[in-house]
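Student: Right, I'll just put the structure down here and ask away after.
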Amino acid sequence: MNLTSVLGKLFDENFNRSAEVIIRSPGRVNLIGEHTDYNGGLSLPFAIDRYVMVGISRRVDGQIRLLSNDQNGIFEISIEDLLKSPALGGWVRYPLGVFQTLIARGLPLGGCDVGVVSDLPMGAGLSSSAALLAGVGLALMESFGFELSKSELVEVIHFAESHYGGSPVGYLDQMAIVQSKANHALRIDFSDKSTLDVGLPFGEVAIFDSRVKHSISAGGYGLRRRECEEAAQRLGVASLSLASLSDAYDKLDDLHYRRTRHVLNENSRVSRVVDSLRKGLDVGIYLTASHASLRDDFEVSCKELDLIVDEALHFGASGARMVGGGFGGSVLVLGGDWEALSRSLEVKFNAMSLVEPKVLIVSTTGTLQRVA
Ligand code: GAF
């Protein structure tokens with residue numbers, strides 16, 4: 001059954017009606033430029049054909065009812081009670097965070113039934129939470145008839161994720177999901193949030209989900225952000241991307257120097273990848289170099305991700321790297337023999353008593369859009 005049919009069934013069986021508006025919100029893969037967003041640097045993500053689908057139908061009684069095919073039972077709250085609740089727990093804090101953010105900005109929302117289905121794995125570093133937030137944001141716009149520009153929508157869902165979702169994220173995921181065009185990567189300069197569409201020469205990539213669940217609200221991500229802020233402060237720059245490596249070498253301890261080196265080198269790798277794509281050259285070596293830097297300088301990889309990257313190169317990939325925040329999640333593999341790699345990883349992971357990675361072949365055609 002396709003996602004639209006799954007959503008239709010969910011609505012029928014639980015809300016006894018159909019969805020008035022349906023939004024398809026894509027996951028994202030970051031080609032390169034990791035942990036640079038909150039450092040005023042560069043990234044190059046693209047949206048994929050794995051989605052969170054959000055359906056919505058208005059209600060006249062001021063109640064909000066939420067249901068997801070991944071979670072048990074309907075969650076129900078009135079708009080009135082929502083306004084008195086500063087923080088909610090569980091998955092509903094994301095969609096309700098969008099309601100709270102929009103209401104606080106004076107937008108006219110009312111009660112509604114909201115259903116969510118997805119074929120985007122959660123915790124795999126493919127941005128499932130930002131996809132959910134963007135889907136809910138656009139669904140509310142379409143349903144309640146107000147206009148937000150793309151950059152306003154990005155601001156709303158970024159606020160909802162960091163404030164109500166409790167995740168101290170940068171802007172990478174929100175911008176990638178809201179602003180990417182099909183078959184293009186989005187070069188983002190986070191110093192001023194300017195963007196450029198860069199055509200992609202490949203239609204598909206392989207994503208190997210390590211099945212080590214990563215969570216931004218767990219401490220590692222926040223700690224890296226603090227280390228970068230400390231380094232920038234000691235160097236007297238507003239963001240780490242403005243630092244010079246020789247200055248960092250002279251003034252910082254080893255740990256802060258390595259964090260800085262990752263950010264500066266990663267920014268220049270993004271620029272080289274953009275140049276190479278424009279010239280039709282392979283970009284694999286930059287991806288593999290990015291992984292080494294995330295592993296050794298930024299220290300956000302883990303043994304499962306490292307093993308997948310090493311094996312991918314062994315099976316002919318032109319490049320491979322972890323994607324997203326790290327400490328688990330997925331590896332992006334460009335080229336090579338994905339089937340042989342998958343079989344080999346199964347054997348190797350099982351021999352180490354680890355659950356084998358799951359392979360997803362994704363296309364670069366994702367876009368955020370209304371489908372009904
Ligand atoms: C996560 C965050 F949500 C992004 O903002 C970004 O920092 C990324 O990790 C690392 O590049 O996806």
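Please note that chains go A, B, ... in the order of the structure tokens, that every chain numbers its residues from 1, and that ligands are numbered from 1 in the order shown.
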Which residues come within 9 Å of Val6 (chain A), counting only C-alpha atoms, excluding same-chain residues fewer than 5 positions away, as a ChimeraX atom specification?
Tutor: /A:1,11,69,117
Student: How would the residues just chosen look if you wrote them out with C-alpha atoms as a PDB file, in the first residue's frame?
Tutor:
```pdb
ATOM      1  CA  MET A   1       0.000   0.000   0.000  1.00  0.00           C
ATOM      2  CA  PHE A  11      -8.103   8.689   8.859  1.00  0.00           C
ATOM      3  CA  ASN A  69       0.907   5.086  12.478  1.00  0.00           C
ATOM      4  CA  VAL A 117       2.283   8.273   8.319  1.00  0.00           C
TER       5      VAL A 117
END
```
Student: With only C-alpha atoms and all ligand atoms counted, collect every polymer residue having an atom within 6 Å of ligand 1; state the result as a ChimeraX atom specification.
Tutor: /A:34-37,169-173,324-325
Student: I need the residues from that last selection saved to file as an mmCIF file, in the first residue's frame (with C-alpha atoms), if you can.
Tutor:
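The new file selection03.cif reads:
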```cif
data_model
loop_
_atom_site.group_PDB
_atom_site.id
_atom_site.type_symbol
_atom_site.label_atom_id
_atom_site.label_comp_id
_atom_site.auth_asym_id
_atom_site.auth_seq_id
_atom_site.Cartn_x
_atom_site.Cartn_y
_atom_site.Cartn_z
ATOM 1 C CA GLU A 34 28.346 18.484 8.618
ATOM 2 C CA HIS A 35 28.286 20.388 11.924
ATOM 3 C CA THR A 36 28.899 23.587 10.006
ATOM 4 C CA ASP A 37 25.379 25.055 10.206
ATOM 5 C CA VAL A 169 19.640 22.184 16.260
ATOM 6 C CA GLY A 170 21.068 24.453 13.555
ATOM 7 C CA TYR A 171 19.126 25.320 10.381
ATOM 8 C CA LEU A 172 20.423 22.576 8.058
ATOM 9 C CA ASP A 173 17.468 20.200 8.173
ATOM 10 C CA GLY A 324 23.598 14.091 10.173
ATOM 11 C CA GLY A 325 24.460 14.728 13.799
#
```
Student: Residues of region 36-284 of chain A in helix (DSSP H, G or I) according to DSSP, as an MDAnalysis selection string?
Tutor: chainID A and resid 37:39 79:84 93:104 128:144 150:164 172:179 219:235 240:242 245:251 254:278 284
Student: Please list as a PyMOL selection string every residue within 7 Å of Arg211 (chain A), counting only C-alpha atoms and excluding residues in the same chain fewer than 6 positions away.
Tutor: chain A and resi 124+329+357
Student: Among region 23-67 of chain A, which residues carry a DSSP assignment of strand (DSSP E), reported as an MDAnalysis selection string?
Tutor: chainID A and resid 23:30 42:43 45:58 63:67
Student: The selected residues should be written to file as a short mmCIF file (atom, residue, chain, number, x, y, z; two decimals), in the first residue's frame (atoms: C-alpha atoms).
Tutor:
```cif
data_model
loop_
_atom_site.label_atom_id
_atom_site.label_comp_id
_atom_site.auth_asym_id
_atom_site.auth_seq_id
_atom_site.Cartn_x
_atom_site.Cartn_y
_atom_site.Cartn_z
CA ILE A 23 1.24 17.24 2.59
CA ARG A 24 4.24 15.15 1.60
CA SER A 25 7.38 16.22 3.44
CA PRO A 26 10.74 14.69 2.45
CA GLY A 27 13.69 13.50 4.49
CA ARG A 28 17.11 14.88 3.63
CA VAL A 29 20.60 13.59 3.05
CA ASN A 30 23.47 15.96 3.55
CA LEU A 42 28.50 25.84 4.41
CA SER A 43 26.43 22.71 3.70
CA PRO A 45 22.02 18.80 1.46
CA PHE A 46 19.35 17.39 -0.87
CA ALA A 47 15.82 16.11 -0.25
CA ILE A 48 15.01 12.43 -0.80
CA ASP A 49 11.99 10.40 -1.90
CA ARG A 50 11.25 9.13 1.62
CA TYR A 51 8.50 11.06 3.28
CA VAL A 52 6.49 11.98 6.31
CA MET A 53 2.92 12.45 5.10
CA VAL A 54 0.61 14.69 7.09
CA GLY A 55 -3.17 14.80 6.63
CA ILE A 56 -5.40 17.38 8.26
CA SER A 57 -9.13 18.15 8.56
CA ARG A 58 -10.52 21.09 10.48
CA GLN A 63 -10.11 20.15 19.80
CA ILE A 64 -6.81 19.00 18.29
CA ARG A 65 -6.56 15.23 17.74
CA LEU A 66 -3.24 13.71 16.67
CA LEU A 67 -2.48 10.23 15.46
#
```
Student: Let me make sure I understand: among A:Val205, A:Ile361, A:Val136, A:Ala372, which one has the smallest atom-to-atom distance to Ala317 (chain A) if we use only C-alpha atoms?
Tutor: A:Val205
Student: From the set A:Ala218, A:Ser342, A:Glu204, A:Gln369, which residue has the shortest atom-to-atom contact distance to Gly137 (chain A), counting only C-alpha atoms?
Tutor: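 With only C-alpha atoms as the atom set, the closest residue is A:Gln369.
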Student: Given the choices A:Gly115, A:Pro121, A:Gly203, A:Gly328, which gets closest to Tyr221 (chain A) if the distance is worked out from only C-alpha atoms?
Tutor: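 Of the candidates, the smallest distance to Tyr221 (chain A) is held by A:Gly328.
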Student: Leaving out region 192-199 of chain A and any residue of its chain fewer than 2 positions from it, which residues lie within 8 Å of it when counting only C-alpha atoms, given as a list in words?
Tutor: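 The residues satisfying every condition are Gly40, Ser180, Lys181, Asn183, His184, Ala185, Leu186, Arg187, Ile188, Asp189, Phe190, Pro201, Val274, Leu277 and Arg278 of chain A.
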Student: If you measure from CA of Asp296 (chain A) to CA of Asp254 (chain A), what distance in Å do you get, rounded to one decimal?
Tutor: 12.0 Å
Student: Show me a table, sorted first by chain and then by increasing residue number, of the residues of region 127-218 of chain A having an atom at most 12 Å from region 300-313 of chain A, each with its shortest atom pair and the distance in Å to one decimal, counting only C-alpha atoms and written as a Markdown table.
Tutor:
```
| residue | atom | partner | partner_atom | distance |
| --- | --- | --- | --- | --- |
| A:Ala206 | CA | A:Ala312 | CA | 10.2 |
| A:Ile207 | CA | A:Ile308 | CA | 10.3 |
| A:Phe208 | CA | A:Ile308 | CA | 7.6 |
| A:Asp209 | CA | A:Leu305 | CA | 8.7 |
| A:Ser210 | CA | A:Glu304 | CA | 6.2 |
| A:Arg211 | CA | A:Glu304 | CA | 8.9 |
| A:Val212 | CA | A:Glu304 | CA | 7.8 |
| A:Lys213 | CA | A:Glu304 | CA | 11.3 |
| A:His214 | CA | A:Val300 | CA | 10.5 |
| A:Ile216 | CA | A:Val300 | CA | 11.8 |
```
Student: Could you write those residues out with N, CA and C atoms, as a PDB file, in the first residue's frame?
Tutor:
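What landed in result.pdb:
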```pdb
ATOM      1  N   ALA A 206      22.892   5.274  -2.036  1.00  0.00           N
ATOM      2  CA  ALA A 206      22.538   4.259  -1.034  1.00  0.00           C
ATOM      3  C   ALA A 206      22.773   4.828   0.354  1.00  0.00           C
ATOM      4  N   ILE A 207      21.827   4.570   1.239  1.00  0.00           N
ATOM      5  CA  ILE A 207      21.942   4.979   2.633  1.00  0.00           C
ATOM      6  C   ILE A 207      21.971   3.706   3.461  1.00  0.00           C
ATOM      7  N   PHE A 208      23.011   3.534   4.241  1.00  0.00           N
ATOM      8  CA  PHE A 208      23.079   2.378   5.125  1.00  0.00           C
ATOM      9  C   PHE A 208      22.798   2.840   6.550  1.00  0.00           C
ATOM     10  N   ASP A 209      21.641   2.439   7.046  1.00  0.00           N
ATOM     11  CA  ASP A 209      21.223   2.834   8.394  1.00  0.00           C
ATOM     12  C   ASP A 209      21.899   1.881   9.395  1.00  0.00           C
ATOM     13  N   SER A 210      22.776   2.441  10.213  1.00  0.00           N
ATOM     14  CA  SER A 210      23.548   1.605  11.158  1.00  0.00           C
ATOM     15  C   SER A 210      22.658   0.978  12.221  1.00  0.00           C
ATOM     16  N   ARG A 211      21.428   1.513  12.359  1.00  0.00           N
ATOM     17  CA  ARG A 211      20.474   1.103  13.397  1.00  0.00           C
ATOM     18  C   ARG A 211      20.951   1.455  14.806  1.00  0.00           C
ATOM     19  N   VAL A 212      22.041   2.225  14.877  1.00  0.00           N
ATOM     20  CA  VAL A 212      22.397   2.820  16.169  1.00  0.00           C
ATOM     21  C   VAL A 212      21.610   4.120  16.169  1.00  0.00           C
ATOM     22  N   LYS A 213      20.621   4.211  17.073  1.00  0.00           N
ATOM     23  CA  LYS A 213      19.710   5.365  17.045  1.00  0.00           C
ATOM     24  C   LYS A 213      20.430   6.603  17.542  1.00  0.00           C
ATOM     25  N   HIS A 214      20.350   7.671  16.758  1.00  0.00           N
ATOM     26  CA  HIS A 214      20.959   8.902  17.227  1.00  0.00           C
ATOM     27  C   HIS A 214      19.858   9.834  17.689  1.00  0.00           C
ATOM     28  N   ILE A 216      19.313  13.976  18.898  1.00  0.00           N
ATOM     29  CA  ILE A 216      19.913  15.293  19.110  1.00  0.00           C
ATOM     30  C   ILE A 216      19.738  15.724  20.564  1.00  0.00           C
TER      31      ILE A 216
END
```
Student: What separation in Å, quoted to one decimal, exists between CA of Asn267 (chain A) and CA of Phe298 (chain A)?
Tutor: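 Distance reported for this atom pair: 13.7 Å.
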Student: Could you check how far CA of Asp337 (chain A) sits from CA of Met322 (chain A), in Å to one decimal?
Tutor: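 Atom-to-atom, CA of Asp337 (chain A) and CA of Met322 (chain A) are spaced 18.0 Å apart.
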